[in-house]
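A short write-up of the structure that comes next.
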Amino acid sequence: MEELPLLTMTKSRIVGVQPNLSQESQALLETLSGLCSFHTCEDLASFLFTDMFRNLVGEGEPWIIFEIGVYKDHTKTIESIPVHDGITLADGAMSGGIPGHLAIVKSEAECSKTLSIWHNMVVNG
């Protein structure tokens, strides 16, 4: 039996002026407009810190917000806001999985740990 993914990510909304995108970034944005799934927190954190993703979101002011969700329960979500030096994770539902409902992660390891704590909190209560 195949393992179910742990997390999903999709484009939530555009909040600023979309920069001119390369063909590669445009293709990635189209992919992220659908529901993408990740098997581990590490997989998702690793993706968020790839050059490919960073090229898409750019270095300027945040212009796009993504939604990260629990694969088995799509009502449990947080927002991922790429910022120039990392990723802001915002827990609008205030589930308690992220201290202060907001975390700015600046490394893949920090991102993975924050996602893991949040996921365990919302899944296991």
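The way I read the labels, and the way they are meant: chains A, B, ... in the order of the structure tokens, residue 1 as the first residue of every chain, and ligand 1 as the first ligand shown, with later ones counted on from there.
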- Message: I want to know what sits within 8 Å of A:Gly16, based on only C-alpha atoms, with residues of the same chain fewer than 2 positions away left out; could you give that as number ranges by chain?
- Response: A: 14, 18, 61-64
Within 7 Å of stretch 100-119 of chain A, which residues of stretch 6-88 of chain A come that close, and what is the closest atom pair and distance in Å for each? Count only C-alpha atoms and give it as a tab-separated table.
residue	atom	partner	partner_atom	distance
A:Cys41	CA	A:Ser112	CA	5.2
A:Glu42	CA	A:Ser112	CA	5.1
A:Ala45	CA	A:Ser112	CA	5.1
A:Ser46	CA	A:Glu108	CA	5.7
A:Phe49	CA	A:Glu108	CA	6.2
A:Asp85	CA	A:Lys106	CA	6.3
A:Gly86	CA	A:Lys106	CA	4.3
A:Ile87	CA	A:Val105	CA	5.4
A:Thr88	CA	A:Ile104	CA	4.3
Store the residues picked out above in a file with N, CA and C atoms, as a PDB file, in the first residue's frame.
ATOM      1  N   CYS A  41       7.575  16.594   6.018  1.00  0.00           N
ATOM      2  CA  CYS A  41       7.849  18.014   6.279  1.00  0.00           C
ATOM      3  C   CYS A  41       9.191  18.403   5.660  1.00  0.00           C
ATOM      4  N   GLU A  42      10.142  17.475   5.687  1.00  0.00           N
ATOM      5  CA  GLU A  42      11.468  17.729   5.119  1.00  0.00           C
ATOM      6  C   GLU A  42      11.363  17.972   3.618  1.00  0.00           C
ATOM      7  N   ALA A  45       9.899  21.489   3.117  1.00  0.00           N
ATOM      8  CA  ALA A  45      10.893  22.495   3.515  1.00  0.00           C
ATOM      9  C   ALA A  45      12.008  22.574   2.470  1.00  0.00           C
ATOM     10  N   SER A  46      12.451  21.427   2.004  1.00  0.00           N
ATOM     11  CA  SER A  46      13.504  21.377   0.999  1.00  0.00           C
ATOM     12  C   SER A  46      13.060  22.104  -0.271  1.00  0.00           C
ATOM     13  N   PHE A  49      13.063  25.943  -0.202  1.00  0.00           N
ATOM     14  CA  PHE A  49      14.375  26.584  -0.209  1.00  0.00           C
ATOM     15  C   PHE A  49      15.196  26.229  -1.455  1.00  0.00           C
ATOM     16  N   ASP A  85      14.239  36.787   2.702  1.00  0.00           N
ATOM     17  CA  ASP A  85      15.279  36.030   3.411  1.00  0.00           C
ATOM     18  C   ASP A  85      14.735  34.764   4.064  1.00  0.00           C
ATOM     19  N   GLY A  86      13.571  34.297   3.619  1.00  0.00           N
ATOM     20  CA  GLY A  86      13.036  33.067   4.200  1.00  0.00           C
ATOM     21  C   GLY A  86      11.573  32.886   3.846  1.00  0.00           C
ATOM     22  N   ILE A  87      10.853  32.258   4.757  1.00  0.00           N
ATOM     23  CA  ILE A  87       9.437  31.977   4.574  1.00  0.00           C
ATOM     24  C   ILE A  87       8.715  32.358   5.868  1.00  0.00           C
ATOM     25  N   THR A  88       7.625  33.107   5.741  1.00  0.00           N
ATOM     26  CA  THR A  88       6.776  33.381   6.892  1.00  0.00           C
ATOM     27  C   THR A  88       5.662  32.341   6.898  1.00  0.00           C
TER      28      THR A  88
END
- Could you pull the residues within 10 Å of A:Ala27, counting only C-alpha atoms, minus those fewer than 6 positions along the same chain, as a PyMOL selection string? chain A and resi 21+33+56
Could you write out that same residue set with C-alpha atoms as a PDB file, in the first residue's frame?
ATOM      1  CA  LEU A  21       8.591  35.373 -14.709  1.00  0.00           C
ATOM      2  CA  SER A  33      -1.902  26.569  -8.843  1.00  0.00           C
ATOM      3  CA  LEU A  56       9.673  32.144  -8.707  1.00  0.00           C
TER       4      LEU A  56
END
- Name the residues of stretch 61-100 of chain A that fall into strand (DSSP E) according to DSSP on the backbone, using the chain letters and numbers of this document, as a ChimeraX atom specification. /A:64-70,73-83,86-90
Would you export the selected residues with N, CA, C and O atoms as an mmCIF file, in the first residue's frame, please?
data_model
loop_
_atom_site.group_PDB
_atom_site.id
_atom_site.type_symbol
_atom_site.label_atom_id
_atom_site.label_comp_id
_atom_site.auth_asym_id
_atom_site.auth_seq_id
_atom_site.Cartn_x
_atom_site.Cartn_y
_atom_site.Cartn_z
ATOM 1 N N ILE A 64 2.927 36.822 -3.493
ATOM 2 C CA ILE A 64 2.106 35.624 -3.607
ATOM 3 C C ILE A 64 2.066 34.910 -2.260
ATOM 4 O O ILE A 64 3.055 34.928 -1.512
ATOM 5 N N ILE A 65 0.916 34.329 -1.952
ATOM 6 C CA ILE A 65 0.760 33.574 -0.713
ATOM 7 C C ILE A 65 0.323 32.162 -1.079
ATOM 8 O O ILE A 65 -0.537 31.977 -1.949
ATOM 9 N N PHE A 66 0.941 31.195 -0.430
ATOM 10 C CA PHE A 66 0.591 29.793 -0.638
ATOM 11 C C PHE A 66 -0.113 29.265 0.597
ATOM 12 O O PHE A 66 0.057 29.785 1.698
ATOM 13 N N GLU A 67 -0.892 28.223 0.400
ATOM 14 C CA GLU A 67 -1.567 27.564 1.516
ATOM 15 C C GLU A 67 -0.965 26.171 1.672
ATOM 16 O O GLU A 67 -0.868 25.429 0.707
ATOM 17 N N ILE A 68 -0.545 25.874 2.896
ATOM 18 C CA ILE A 68 -0.034 24.542 3.235
ATOM 19 C C ILE A 68 -1.112 23.870 4.068
ATOM 20 O O ILE A 68 -1.646 24.482 4.993
ATOM 21 N N GLY A 69 -1.440 22.649 3.716
ATOM 22 C CA GLY A 69 -2.504 21.960 4.431
ATOM 23 C C GLY A 69 -2.137 20.537 4.796
ATOM 24 O O GLY A 69 -1.182 19.968 4.271
ATOM 25 N N VAL A 70 -2.930 19.974 5.694
ATOM 26 C CA VAL A 70 -2.785 18.575 6.071
ATOM 27 C C VAL A 70 -3.485 17.750 4.985
ATOM 28 O O VAL A 70 -4.658 17.996 4.672
ATOM 29 N N ASP A 73 -6.782 16.177 5.982
ATOM 30 C CA ASP A 73 -7.833 17.077 6.464
ATOM 31 C C ASP A 73 -7.576 18.473 5.915
ATOM 32 O O ASP A 73 -6.851 19.267 6.509
ATOM 33 N N HIS A 74 -8.183 18.772 4.776
ATOM 34 C CA HIS A 74 -7.907 20.026 4.085
ATOM 35 C C HIS A 74 -8.424 21.261 4.810
ATOM 36 O O HIS A 74 -8.207 22.381 4.368
ATOM 37 N N THR A 75 -9.122 21.073 5.932
ATOM 38 C CA THR A 75 -9.561 22.236 6.711
ATOM 39 C C THR A 75 -8.435 22.751 7.600
ATOM 40 O O THR A 75 -8.530 23.840 8.146
ATOM 41 N N LYS A 76 -7.381 21.966 7.765
ATOM 42 C CA LYS A 76 -6.257 22.361 8.629
ATOM 43 C C LYS A 76 -5.144 22.919 7.751
ATOM 44 O O LYS A 76 -4.442 22.179 7.067
ATOM 45 N N THR A 77 -5.026 24.249 7.779
ATOM 46 C CA THR A 77 -4.072 24.912 6.888
ATOM 47 C C THR A 77 -3.326 26.039 7.598
ATOM 48 O O THR A 77 -3.785 26.573 8.606
ATOM 49 N N ILE A 78 -2.194 26.383 7.014
ATOM 50 C CA ILE A 78 -1.460 27.593 7.376
ATOM 51 C C ILE A 78 -1.067 28.284 6.079
ATOM 52 O O ILE A 78 -1.106 27.668 5.008
ATOM 53 N N GLU A 79 -0.711 29.542 6.178
ATOM 54 C CA GLU A 79 -0.263 30.264 5.005
ATOM 55 C C GLU A 79 1.254 30.324 4.979
ATOM 56 O O GLU A 79 1.891 30.443 6.017
ATOM 57 N N SER A 80 1.781 30.228 3.778
ATOM 58 C CA SER A 80 3.220 30.335 3.552
ATOM 59 C C SER A 80 3.447 31.570 2.698
ATOM 60 O O SER A 80 2.954 31.638 1.568
ATOM 61 N N ILE A 81 4.156 32.537 3.269
ATOM 62 C CA ILE A 81 4.412 33.795 2.573
ATOM 63 C C ILE A 81 5.918 33.903 2.344
ATOM 64 O O ILE A 81 6.683 34.116 3.295
ATOM 65 N N PRO A 82 6.359 33.702 1.098
ATOM 66 C CA PRO A 82 7.794 33.805 0.834
ATOM 67 C C PRO A 82 8.260 35.246 1.006
ATOM 68 O O PRO A 82 7.663 36.160 0.448
ATOM 69 N N VAL A 83 9.285 35.446 1.804
ATOM 70 C CA VAL A 83 9.902 36.757 1.992
ATOM 71 C C VAL A 83 11.349 36.650 1.524
ATOM 72 O O VAL A 83 11.873 35.555 1.362
ATOM 73 N N GLY A 86 13.571 34.297 3.619
ATOM 74 C CA GLY A 86 13.036 33.067 4.200
ATOM 75 C C GLY A 86 11.573 32.886 3.846
ATOM 76 O O GLY A 86 11.117 33.328 2.797
ATOM 77 N N ILE A 87 10.853 32.258 4.757
ATOM 78 C CA ILE A 87 9.437 31.977 4.574
ATOM 79 C C ILE A 87 8.715 32.358 5.868
ATOM 80 O O ILE A 87 9.142 31.960 6.948
ATOM 81 N N THR A 88 7.625 33.107 5.741
ATOM 82 C CA THR A 88 6.776 33.381 6.892
ATOM 83 C C THR A 88 5.662 32.341 6.898
ATOM 84 O O THR A 88 4.993 32.159 5.883
ATOM 85 N N LEU A 89 5.500 31.648 8.008
ATOM 86 C CA LEU A 89 4.413 30.680 8.174
ATOM 87 C C LEU A 89 3.401 31.299 9.126
ATOM 88 O O LEU A 89 3.741 31.645 10.260
ATOM 89 N N ALA A 90 2.174 31.486 8.638
ATOM 90 C CA ALA A 90 1.140 32.157 9.421
ATOM 91 C C ALA A 90 -0.023 31.205 9.668
ATOM 92 O O ALA A 90 -0.578 30.639 8.743
#
- Taking into account only C-alpha atoms, which residue in the set A:Val123, A:Thr10, A:Lys72, A:Asn20 is nearest to A:Gly97?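 For A:Gly97, the nearest of the given residues is A:Val123.
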- Task: Fewer than 4 positions away in the same chain doesn't count, so skip those; otherwise give me all residues within 8 Å of A:Ser95, counting only C-alpha atoms, as a PyMOL selection string.
- Result: chain A and resi 91+101+121-122
- Could you pull out the helix (DSSP H, G or I) residues of chain A from DSSP and send them as a PyMOL selection string? chain A and resi 23-32+41-48+51-57+99-101+108-124
- Task: Pick out the closest residue to A:Met52 from this set: A:Ala93, A:Thr8, A:Glu3, A:Gln26. Count only C-alpha atoms.
- Result: A:Gln26
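The space separating atom CA of A:Met9 from atom CA of A:Ser37 comes to 6.3 Å.
Of the listed residues (A:Gly92, A:Pro5, A:Gly58, A:Gly34), A:Gly58 comes nearest to A:Pro19; the distances count only C-alpha atoms.
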- Have a look at atom CA of A:Asp51 and atom CA of A:Pro99 and let me know their distance in Å, one decimal. 28.1 Å
